[in-house]
$ cat input-v4.cif   # mmCIF, C-alpha atoms
data_model
loop_
_atom_site.label_atom_id
_atom_site.label_comp_id
_atom_site.auth_asym_id
_atom_site.auth_seq_id
_atom_site.Cartn_x
_atom_site.Cartn_y
_atom_site.Cartn_z
CA MET D 290 -8.59 -11.14 -39.77
CA GLU D 291 -6.71 -14.33 -38.85
CA PHE D 292 -3.60 -12.95 -40.52
CA PHE D 293 -3.92 -9.63 -38.71
CA ILE D 294 -4.18 -11.32 -35.30
CA ILE D 295 -1.11 -13.45 -35.95
CA ILE D 296 0.91 -10.45 -37.11
CA SER D 297 -0.05 -8.28 -34.12
CA SER D 298 0.64 -11.05 -31.59
CA GLY D 299 4.02 -11.66 -33.21
CA LEU D 300 4.79 -7.95 -32.94
CA CYS D 301 3.80 -7.90 -29.25
CA LEU D 302 5.96 -10.95 -28.53
CA LEU D 303 8.91 -9.43 -30.40
CA ILE D 304 8.80 -6.08 -28.58
CA GLY D 305 8.20 -7.82 -25.25
CA SER D 306 11.19 -10.11 -25.65
CA PHE D 307 13.34 -7.16 -26.73
CA LEU D 308 12.31 -5.33 -23.53
CA CYS D 309 13.11 -8.40 -21.41
CA VAL D 310 16.58 -8.73 -22.94
CA SER D 311 17.10 -4.98 -22.43
CA GLY D 312 16.20 -5.36 -18.77
CA GLY D 313 18.73 -8.18 -18.52
CA ILE D 314 21.41 -6.00 -20.10
CA GLY D 315 20.45 -3.22 -17.71
CA ILE D 316 20.83 -5.40 -14.63
CA ILE D 317 24.37 -6.18 -15.79
CA ARG D 318 25.39 -2.68 -16.87
CA PHE D 319 24.01 -0.32 -14.25
CA PRO D 320 26.40 0.76 -11.49
CA ASP D 321 24.54 0.16 -8.23
CA PHE D 322 21.62 -1.62 -6.64
CA TYR D 323 19.03 1.17 -6.85
CA THR D 324 19.56 1.77 -10.56
CA ARG D 325 19.44 -1.96 -11.29
CA MET D 326 16.03 -1.97 -9.66
CA HIS D 327 14.72 0.31 -12.43
CA ALA D 328 16.00 -2.14 -15.05
CA VAL D 329 14.05 -4.94 -13.38
CA GLY D 330 11.02 -2.63 -13.38
CA ILE D 331 10.99 -2.63 -17.19
CA THR D 332 10.83 -6.41 -17.46
CA ASP D 333 8.14 -6.52 -14.80
CA THR D 334 5.75 -4.01 -16.37
CA LEU D 335 5.86 -3.64 -20.12
CA GLY D 336 8.02 -6.67 -20.95
CA ALA D 337 5.79 -9.17 -19.16
CA GLY D 338 2.69 -7.23 -20.22
CA LEU D 339 3.45 -7.32 -23.94
CA ILE D 340 4.43 -11.01 -23.90
CA LEU D 341 1.22 -11.92 -22.07
CA ILE D 342 -0.88 -9.74 -24.42
CA GLY D 343 0.74 -11.51 -27.36
CA LEU D 344 -0.21 -14.86 -25.86
CA MET D 345 -3.76 -13.58 -25.19
CA LEU D 346 -4.17 -12.78 -28.88
CA LEU D 347 -3.16 -16.35 -29.73
CA SER D 348 -5.51 -17.99 -27.22
CA THR D 349 -8.69 -19.60 -28.53
CA ASP D 350 -10.23 -20.62 -25.22
CA LEU D 351 -11.97 -18.26 -22.78
CA LEU D 352 -10.39 -20.00 -19.77
CA VAL D 353 -6.88 -19.63 -21.16
CA PHE D 354 -7.56 -15.95 -21.80
CA ALA D 355 -8.84 -15.45 -18.24
CA LYS D 356 -5.80 -17.17 -16.77
CA LEU D 357 -3.45 -14.97 -18.80
CA VAL D 358 -5.30 -11.87 -17.55
CA MET D 359 -4.90 -13.22 -14.01
CA ILE D 360 -1.14 -13.72 -14.47
CA LEU D 361 -0.85 -10.19 -15.86
CA LEU D 362 -2.72 -8.68 -12.90
CA LEU D 363 -0.60 -10.69 -10.43
CA THR D 364 2.63 -9.54 -12.11
CA LEU D 365 1.52 -5.90 -12.05
CA LEU D 366 0.60 -6.18 -8.36
CA ILE D 367 3.67 -8.15 -7.27
CA GLY D 368 6.38 -6.23 -9.14
CA PRO D 369 6.08 -2.83 -7.42
CA THR D 370 5.50 -4.43 -4.03
CA THR D 371 8.70 -6.49 -4.09
CA SER D 372 10.83 -3.65 -5.44
CA HIS D 373 9.47 -1.27 -2.80
CA VAL D 374 10.09 -3.76 0.02
CA LEU D 375 13.58 -4.53 -1.29
CA ALA D 376 14.52 -0.84 -1.61
CA LYS D 377 13.16 -0.03 1.83
CA ALA D 378 15.11 -2.90 3.43
CA ALA D 379 18.28 -1.86 1.60
CA LEU D 380 17.94 1.77 2.67
CA HIS D 381 17.22 0.94 6.29
CA ASN D 382 20.24 -1.35 6.43
CA GLY D 383 22.56 1.41 5.28
CA LEU D 384 23.20 0.69 1.62
CA ALA D 385 24.00 4.14 0.24
CA PRO D 386 22.89 4.94 -3.31
CA LYS D 387 25.52 6.10 -5.78
CA LEU D 388 24.57 9.59 -6.91
CA ASN D 389 26.13 11.69 -9.63
CA GLN D 390 27.70 15.03 -8.79
CA ASP D 391 25.32 17.56 -10.29
CA ALA D 392 22.38 15.71 -8.75
CA LEU D 393 24.16 15.95 -5.39
CA ASP D 394 24.10 19.73 -5.54
CA HIS D 395 20.32 19.69 -5.70
CA ASN D 396 20.14 17.01 -3.09
CA SER D 397 18.43 18.40 -0.02
CA LEU D 398 17.91 15.08 1.71
CA ASP D 399 19.29 15.23 5.23
CA GLN D 400 19.35 11.64 6.22
CA THR D 401 20.40 10.38 9.60
CA GLY D 402 21.49 6.82 8.91
CA ASN D 403 23.21 7.73 5.69
CA GLU D 404 26.40 9.67 6.19
CA GLU D 405 27.85 8.67 2.83
CA THR D 406 25.80 11.18 0.82
CA ASN D 407 26.42 14.02 3.24
CA SER D 408 30.16 13.52 3.60
CA SER D 409 30.73 13.40 -0.13
CA ASN D 410 28.85 16.67 -0.61
CA PRO D 411 31.49 19.36 -1.09
CA MET L 285 -23.15 -5.58 2.80
CA ARG L 286 -22.10 -4.19 -0.59
CA HIS L 287 -18.53 -5.12 0.25
CA THR L 288 -19.47 -8.70 1.12
CA ILE L 289 -21.32 -9.08 -2.19
CA SER L 290 -18.40 -7.66 -4.15
CA LEU L 291 -15.94 -10.00 -2.37
CA PHE L 292 -18.28 -12.94 -3.08
CA LEU L 293 -18.45 -12.07 -6.78
CA THR L 294 -14.66 -11.71 -7.00
CA LEU L 295 -14.03 -15.06 -5.34
CA ALA L 296 -16.70 -16.77 -7.46
CA ALA L 297 -15.13 -15.43 -10.66
CA PHE L 298 -11.71 -16.58 -9.44
CA TRP L 299 -13.00 -20.10 -8.79
CA LEU L 300 -14.94 -20.39 -12.06
CA PHE L 301 -12.07 -19.18 -14.24
CA ASN L 302 -9.51 -21.36 -12.47
CA SER L 303 -11.39 -24.63 -12.29
CA GLY L 304 -12.85 -25.19 -15.76
CA HIS L 305 -14.99 -28.10 -14.53
CA TYR L 306 -18.66 -27.27 -14.16
CA SER L 307 -20.08 -30.43 -12.60
CA MET L 308 -22.38 -30.31 -9.58
CA LEU L 309 -19.78 -31.65 -7.12
CA VAL L 310 -17.05 -29.16 -8.05
CA MET L 311 -19.45 -26.21 -8.04
CA SER L 312 -20.75 -27.08 -4.58
CA LEU L 313 -17.19 -27.50 -3.29
CA GLY L 314 -16.47 -24.04 -4.68
CA LEU L 315 -19.50 -22.56 -2.94
CA VAL L 316 -18.43 -24.12 0.37
CA SER L 317 -14.90 -22.73 0.08
CA ILE L 318 -16.14 -19.26 -0.85
CA VAL L 319 -18.45 -19.19 2.17
CA LEU L 320 -15.57 -20.38 4.38
CA VAL L 321 -13.31 -17.58 3.09
CA LEU L 322 -16.09 -15.03 3.63
CA ILE L 323 -16.53 -16.20 7.25
CA ILE L 324 -12.77 -16.02 7.89
CA CYS L 325 -12.61 -12.54 6.33
CA HIS L 326 -15.44 -11.34 8.56
CA LYS L 327 -13.66 -12.71 11.63
CA MET L 328 -10.46 -10.91 10.56
CA ASP L 329 -12.54 -7.75 10.06
CA VAL L 330 -11.03 -6.91 6.70
CA VAL L 331 -14.21 -6.63 4.62
CA ASP L 332 -14.62 -2.87 4.45
CA GLN L 333 -14.06 0.24 2.37
CA GLU L 334 -10.33 -0.37 2.37
CA SER L 335 -10.13 -3.88 0.93
CA GLN L 336 -13.03 -3.41 -1.49
CA PRO L 337 -12.72 0.19 -2.72
CA LEU L 338 -16.01 0.29 -4.60
CA TYR L 339 -16.27 4.07 -4.51
CA LEU L 340 -13.27 4.28 -6.84
CA THR L 341 -14.86 2.28 -9.65
CA PRO L 342 -16.29 5.09 -11.85
CA GLN L 343 -13.12 7.16 -12.17
CA ILE L 344 -10.38 4.56 -11.91
CA LEU L 345 -10.66 3.39 -15.54
CA GLY L 346 -9.68 6.78 -16.89
CA TYR L 347 -6.76 6.89 -14.49
CA PHE L 348 -5.59 3.44 -15.61
CA VAL L 349 -5.60 4.48 -19.26
CA TRP L 350 -3.51 7.54 -18.40
CA LEU L 351 -1.16 5.43 -16.23
CA ILE L 352 -0.59 2.86 -19.00
CA LYS L 353 0.32 5.67 -21.41
CA GLU L 354 2.74 7.05 -18.81
CA ILE L 355 4.27 3.58 -18.20
CA ILE L 356 4.91 3.10 -21.93
CA GLN L 357 6.65 6.48 -22.20
CA ALA L 358 8.80 5.79 -19.12
CA ASN L 359 9.73 2.35 -20.50
CA ILE L 360 10.98 3.87 -23.75
CA THR L 361 13.10 6.38 -21.80
CA VAL L 362 14.64 3.76 -19.52
CA VAL L 363 15.40 1.35 -22.39
CA LYS L 364 17.10 4.18 -24.27
CA HIS L 365 19.27 4.92 -21.25
CA ILE L 366 20.11 1.23 -20.76
CA TRP L 367 21.57 1.09 -24.24
CA LEU L 368 23.27 4.49 -23.85
CA GLY L 369 25.24 3.21 -20.87
CA LYS L 370 25.98 4.29 -17.36
CA GLU L 371 27.34 7.76 -18.23
CA SER L 372 23.96 8.99 -19.43
CA ILE L 373 22.02 8.40 -16.21
CA SER L 374 21.80 10.73 -13.22
CA PRO L 375 20.47 8.85 -10.18
CA THR L 376 18.61 11.13 -7.79
CA PHE L 377 17.35 10.49 -4.32
CA LYS L 378 14.97 12.96 -2.74
CA LYS L 379 11.87 13.61 -0.66
CA ILE L 380 8.74 14.95 -2.29
CA LYS L 381 5.57 16.38 -0.77
CA ILE L 382 2.24 14.77 -1.54
CA SER L 383 -1.16 16.40 -1.32
CA GLN L 384 -3.35 13.32 -0.73
CA LYS L 385 -5.25 13.15 2.53
CA THR L 386 -6.63 9.62 2.70
CA ASP L 387 -4.58 6.45 3.09
CA MET L 388 -6.03 5.05 -0.12
CA GLY L 389 -4.91 8.08 -2.11
CA LYS L 390 -1.39 7.88 -0.68
CA VAL L 391 -1.13 4.18 -1.50
CA ILE L 392 -2.38 4.68 -5.05
CA TYR L 393 0.11 7.50 -5.60
CA ALA L 394 3.11 5.59 -4.16
CA ASN L 395 2.21 2.46 -6.12
CA SER L 396 1.88 4.45 -9.33
CA ILE L 397 5.32 5.96 -8.75
CA THR L 398 6.82 2.51 -8.24
CA LEU L 399 4.96 0.98 -11.18
CA THR L 400 6.39 3.59 -13.53
CA PRO L 401 9.90 2.45 -14.48
CA GLY L 402 12.57 4.98 -13.62
CA THR L 403 11.11 6.02 -10.28
CA VAL L 404 10.74 3.94 -7.11
CA ALA L 405 8.97 5.09 -3.94
CA ILE L 406 11.11 3.87 -1.07
CA ASP L 407 9.43 5.14 2.06
CA LEU L 408 6.21 6.94 2.99
CA VAL L 409 6.22 9.07 6.13
CA ASP L 410 3.16 11.22 6.88
CA ASP L 411 2.92 13.40 3.79
CA GLU L 412 6.36 12.87 2.29
CA ILE L 413 7.56 10.14 -0.07
CA ILE L 414 11.25 9.29 -0.47
CA VAL L 415 11.79 8.65 -4.17
CA HIS L 416 14.77 7.23 -6.02
CA ALA L 417 14.78 8.25 -9.67
CA LEU L 418 17.02 7.05 -12.47
CA LEU L 419 17.13 10.45 -14.15
CA TYR L 420 16.88 13.92 -12.69
CA LYS L 421 14.39 14.72 -15.47
CA ASP L 422 11.98 12.03 -14.23
CA PHE L 423 12.13 13.62 -10.86
CA GLU L 424 11.25 17.04 -12.19
CA SER L 425 8.24 15.65 -14.02
CA LEU L 426 7.08 14.09 -10.74
CA GLU L 427 7.43 17.42 -8.98
CA ALA L 428 5.44 19.13 -11.71
CA GLY L 429 2.52 17.25 -10.19
CA GLU L 430 0.48 15.84 -13.07
CA MET L 431 0.19 12.42 -11.41
CA ASP L 432 -0.42 13.98 -8.01
CA ARG L 433 -3.32 16.01 -9.36
CA ARG L 434 -4.90 13.00 -11.06
CA VAL L 435 -4.68 10.84 -7.92
CA SER L 436 -6.17 13.65 -5.85
CA LEU L 437 -9.14 13.70 -8.20
CA LEU L 438 -9.73 10.01 -7.40
CA GLU L 439 -10.12 10.46 -3.67
CA ARG L 440 -13.15 12.08 -2.17
CA MET K 207 7.81 -16.19 -32.92
CA LEU K 208 6.89 -18.12 -29.78
CA ILE K 209 10.22 -19.94 -29.88
CA ALA K 210 12.11 -16.66 -30.41
CA ALA K 211 10.38 -15.16 -27.36
CA THR K 212 11.28 -18.28 -25.35
CA LEU K 213 14.93 -17.91 -26.33
CA ALA K 214 14.87 -14.21 -25.39
CA ILE K 215 13.48 -15.10 -21.96
CA PHE K 216 16.28 -17.66 -21.60
CA VAL K 217 18.85 -14.94 -22.36
CA ALA K 218 17.29 -12.60 -19.78
CA MET K 219 17.32 -15.39 -17.17
CA PHE K 220 20.96 -16.13 -17.93
CA LEU K 221 21.89 -12.45 -17.41
CA ALA K 222 19.97 -12.45 -14.12
CA VAL K 223 21.93 -15.50 -12.99
CA ILE K 224 25.20 -13.74 -13.84
CA ARG K 225 24.16 -10.77 -11.70
CA GLY K 226 23.11 -13.14 -8.93
CA ILE K 227 26.52 -14.80 -8.87
CA ALA K 228 28.54 -11.60 -9.33
CA GLY K 229 26.37 -9.19 -7.32
CA PRO K 230 28.47 -7.32 -4.79
CA THR K 231 25.74 -6.88 -2.17
CA LEU K 232 23.11 -9.19 -0.77
CA TYR K 233 20.33 -7.02 -2.20
CA ASP K 234 21.64 -7.42 -5.73
CA ARG K 235 21.37 -11.15 -5.31
CA ILE K 236 17.81 -10.98 -3.97
CA LEU K 237 16.88 -8.68 -6.88
CA ALA K 238 18.39 -11.13 -9.37
CA VAL K 239 16.54 -14.06 -7.81
CA ASN K 240 13.28 -12.10 -7.96
CA MET K 241 13.81 -11.25 -11.62
CA PHE K 242 14.66 -14.90 -12.32
CA GLY K 243 11.37 -15.90 -10.72
CA THR K 244 9.22 -13.48 -12.73
CA LYS K 245 10.97 -14.56 -15.92
CA THR K 246 10.25 -18.19 -14.99
CA VAL K 247 6.53 -17.38 -14.85
CA LEU K 248 6.70 -15.98 -18.38
CA LEU K 249 8.78 -18.96 -19.53
CA ILE K 250 6.24 -21.47 -18.21
CA ALA K 251 3.38 -19.61 -19.92
CA LEU K 252 5.29 -19.49 -23.22
CA LEU K 253 6.27 -23.17 -23.00
CA GLY K 254 2.63 -24.06 -22.47
CA PHE K 255 1.82 -22.43 -25.81
CA VAL K 256 4.85 -23.92 -27.59
CA MET K 257 3.94 -27.44 -26.50
CA GLY K 258 0.22 -26.88 -26.97
CA ARG K 259 -0.65 -27.60 -23.35
CA PRO K 260 -2.44 -24.61 -21.77
CA GLU K 261 -2.62 -26.40 -18.41
CA PHE K 262 0.85 -24.99 -17.78
CA LEU K 263 -0.80 -21.63 -17.00
CA ASP K 264 -2.03 -22.99 -13.65
CA ILE K 265 1.56 -23.76 -12.72
CA ALA K 266 2.57 -20.26 -13.84
CA ILE K 267 0.00 -18.66 -11.48
CA LEU K 268 1.22 -20.83 -8.61
CA TYR K 269 4.84 -19.98 -9.37
CA ALA K 270 4.09 -16.24 -9.35
CA LEU K 271 2.50 -16.51 -5.90
CA ILE K 272 5.31 -18.68 -4.48
CA ASN K 273 7.95 -16.31 -5.85
CA PHE K 274 6.28 -13.30 -4.24
CA ILE K 275 5.90 -15.03 -0.88
CA SER K 276 9.51 -16.24 -0.87
CA VAL K 277 10.95 -12.76 -1.52
CA ILE K 278 8.72 -11.19 1.13
CA GLY K 279 9.63 -14.03 3.51
CA VAL K 280 13.36 -13.50 3.04
CA LEU K 281 13.00 -9.77 3.58
CA ARG K 282 11.06 -10.29 6.83
CA TYR K 283 14.45 -11.10 8.33
CA SER K 284 16.00 -7.88 7.04
CA ASP K 285 16.22 -6.27 10.49
CA THR K 286 18.69 -8.83 11.76
CA ASN K 287 22.39 -8.11 11.79
CA GLU K 288 23.16 -10.47 8.92
CA PHE K 289 21.61 -8.01 6.49
CA LYS K 290 23.61 -4.96 7.61
CA HIS K 291 25.47 -3.51 4.68
CA THR K 292 29.11 -2.77 5.54
CA PRO K 293 30.68 -0.61 2.82
CA ALA K 294 34.19 -1.65 3.78
CA LYS K 295 36.13 -2.40 0.66
CA GLN K 296 33.94 -1.66 -2.30
CA GLU K 297 33.77 2.12 -2.21
CA PRO K 298 37.31 3.41 -1.71
CA THR K 299 36.98 5.83 -4.62
CA LYS K 300 34.28 7.92 -3.00
CA LYS K 301 36.37 8.64 0.09
CA GLU K 302 38.71 10.88 -1.89
CA HIS K 303 36.47 13.90 -2.05
#

$ encode --input "input-v4.cif" --output "structure tokens"
Amino acid sequence: MEFFIIISSGLCLLIGSFLCVSGGIGIIRFPDFYTRMHAVGITDTLGAGLILIGLMLLSTDLLVFAKLVMILLLTLLIGPTTSHVLAKAALHNGLAPKLNQDALDHNSLDQTGNEETNSSNP
Amino acid sequence: MRHTISLFLTLAAFWLFNSGHYSMLVMSLGLVSIVLVLIICHKMDVVDQESQPLYLTPQILGYFVWLIKEIIQANITVVKHIWLGKESISPTFKKIKISQKTDMGKVIYANSITLTPGTVAIDLVDDEIIVHALLYKDFESLEAGEMDRRVSLLER
Amino acid sequence: MLIAATLAIFVAMFLAVIRGIAGPTLYDRILAVNMFGTKTVLLIALLGFVMGRPEFLDIAILYALINFISVIGVLRYSDTNEFKHTPAKQEPTKKEH
């Protein structure tokens, strides 16, 4: 039983840290602000979640467990809120998203403050 | 009254799990601060159906299980596309219709969209959400309406 | 495994700092700072377990709250002119078509 808990927490920590590094690579590689936001979304949801679950499996104390649950809930509440507020502020201040061409053909969004997407539509 | 009791229980659990000292002095200080917060909340008029959505409690657990499954799938997709590079993604930016009537339903739906990696809800106007998606495929699965239907089941 | 996870978090924080320094727009920098903050919360929690001092978790909770409030506080000022995005020199390629 002891062995099983240690193995599963190690697995959770390993996958979680892989996801965090992937999110870091994504924030470097992706072309514009809105796509980088999705890369940060990975590290905020499943990356943080798996690392905290791995720590929960290692914890022996009830208080430590409860605090880890609290940190997990706070992360899950805070992550979407900040990315939504950030994206809304960026859009309202005229930062145009980079869209690829075949997605532009389906794009029916007629936006007033955003002439970049309309002018590049052939 | 039910909402006041639920807020009291939440605050008491928060205090007990954070302090870790169970002497008489600390417990009474905790009780005093909880009562103070309750009085302030009543003066701000925020203790109601909206801040303590008790009517959601029976169904929300099933929705959470489904949402966690969905988040794991979306994570795998986005990680795959991070390692495939910037040629494999197709960023899309579009309005979608939502069918929820209540404010709570709309907020749950928009938050679920943002919590799922690959899609971010940017703005919510009346019954339309502006969504930025990393892949056009993600967008199509949103329009298919599985999540929309499940959130609509929550609200009554 | 705890130490490996700590090192991975360090790598992710380093990449976020690179994006924060290089980021072409203001929003990229705010995003990088936000990611740095959430990674710091995880780092503090992990360090608490590595050093065997679970009291660090209290600091992690506080750091999560402060990080959230600071990002929201910065973005409260987003309707001033300083935040206007001017796509002057960074998108000359899209003007061609």

$ atom_distance --input "input-v4.cif" --atom1 "atom CA of Leu363 of chain D" --atom2 "atom CA of Lys390 of chain L"
21.0 Å

$ interface_residues --input "input-v4.cif" --of "chain K" --to "chain D" --cutoff "6 Å" --atoms "all atoms listed in the file" --output "list in words"
Met207, Ala211, Ala214, Ala218, Leu221, Asp234, Ile267, Lys290 and His291 of chain K

$ atom_distance --input "input-v4.cif" --atom1 "atom CA of Asn302 of chain L" --atom2 "atom CA of Gly243 of chain K"
21.7 Å

$ resolve_selection --input "input-v4.cif" --expression "the PyMOL selection byres ((chain K) within 12 of (chain L))" --output "list in words"
Glu261, Leu263, Asp264, Ile265, Ile267 and Leu268 of chain K

$ atom_distance --input "input-v4.cif" --atom1 "atom CA of Val217 of chain K" --atom2 "atom CA of Ala238 of chain K"
13.5 Å

$ closest_residue --input "input-v4.cif" --among "D:Ser297, D:Leu339, D:Phe292, D:Pro320" --to "chain L" --atoms "all atoms listed in the file"
D:Pro320
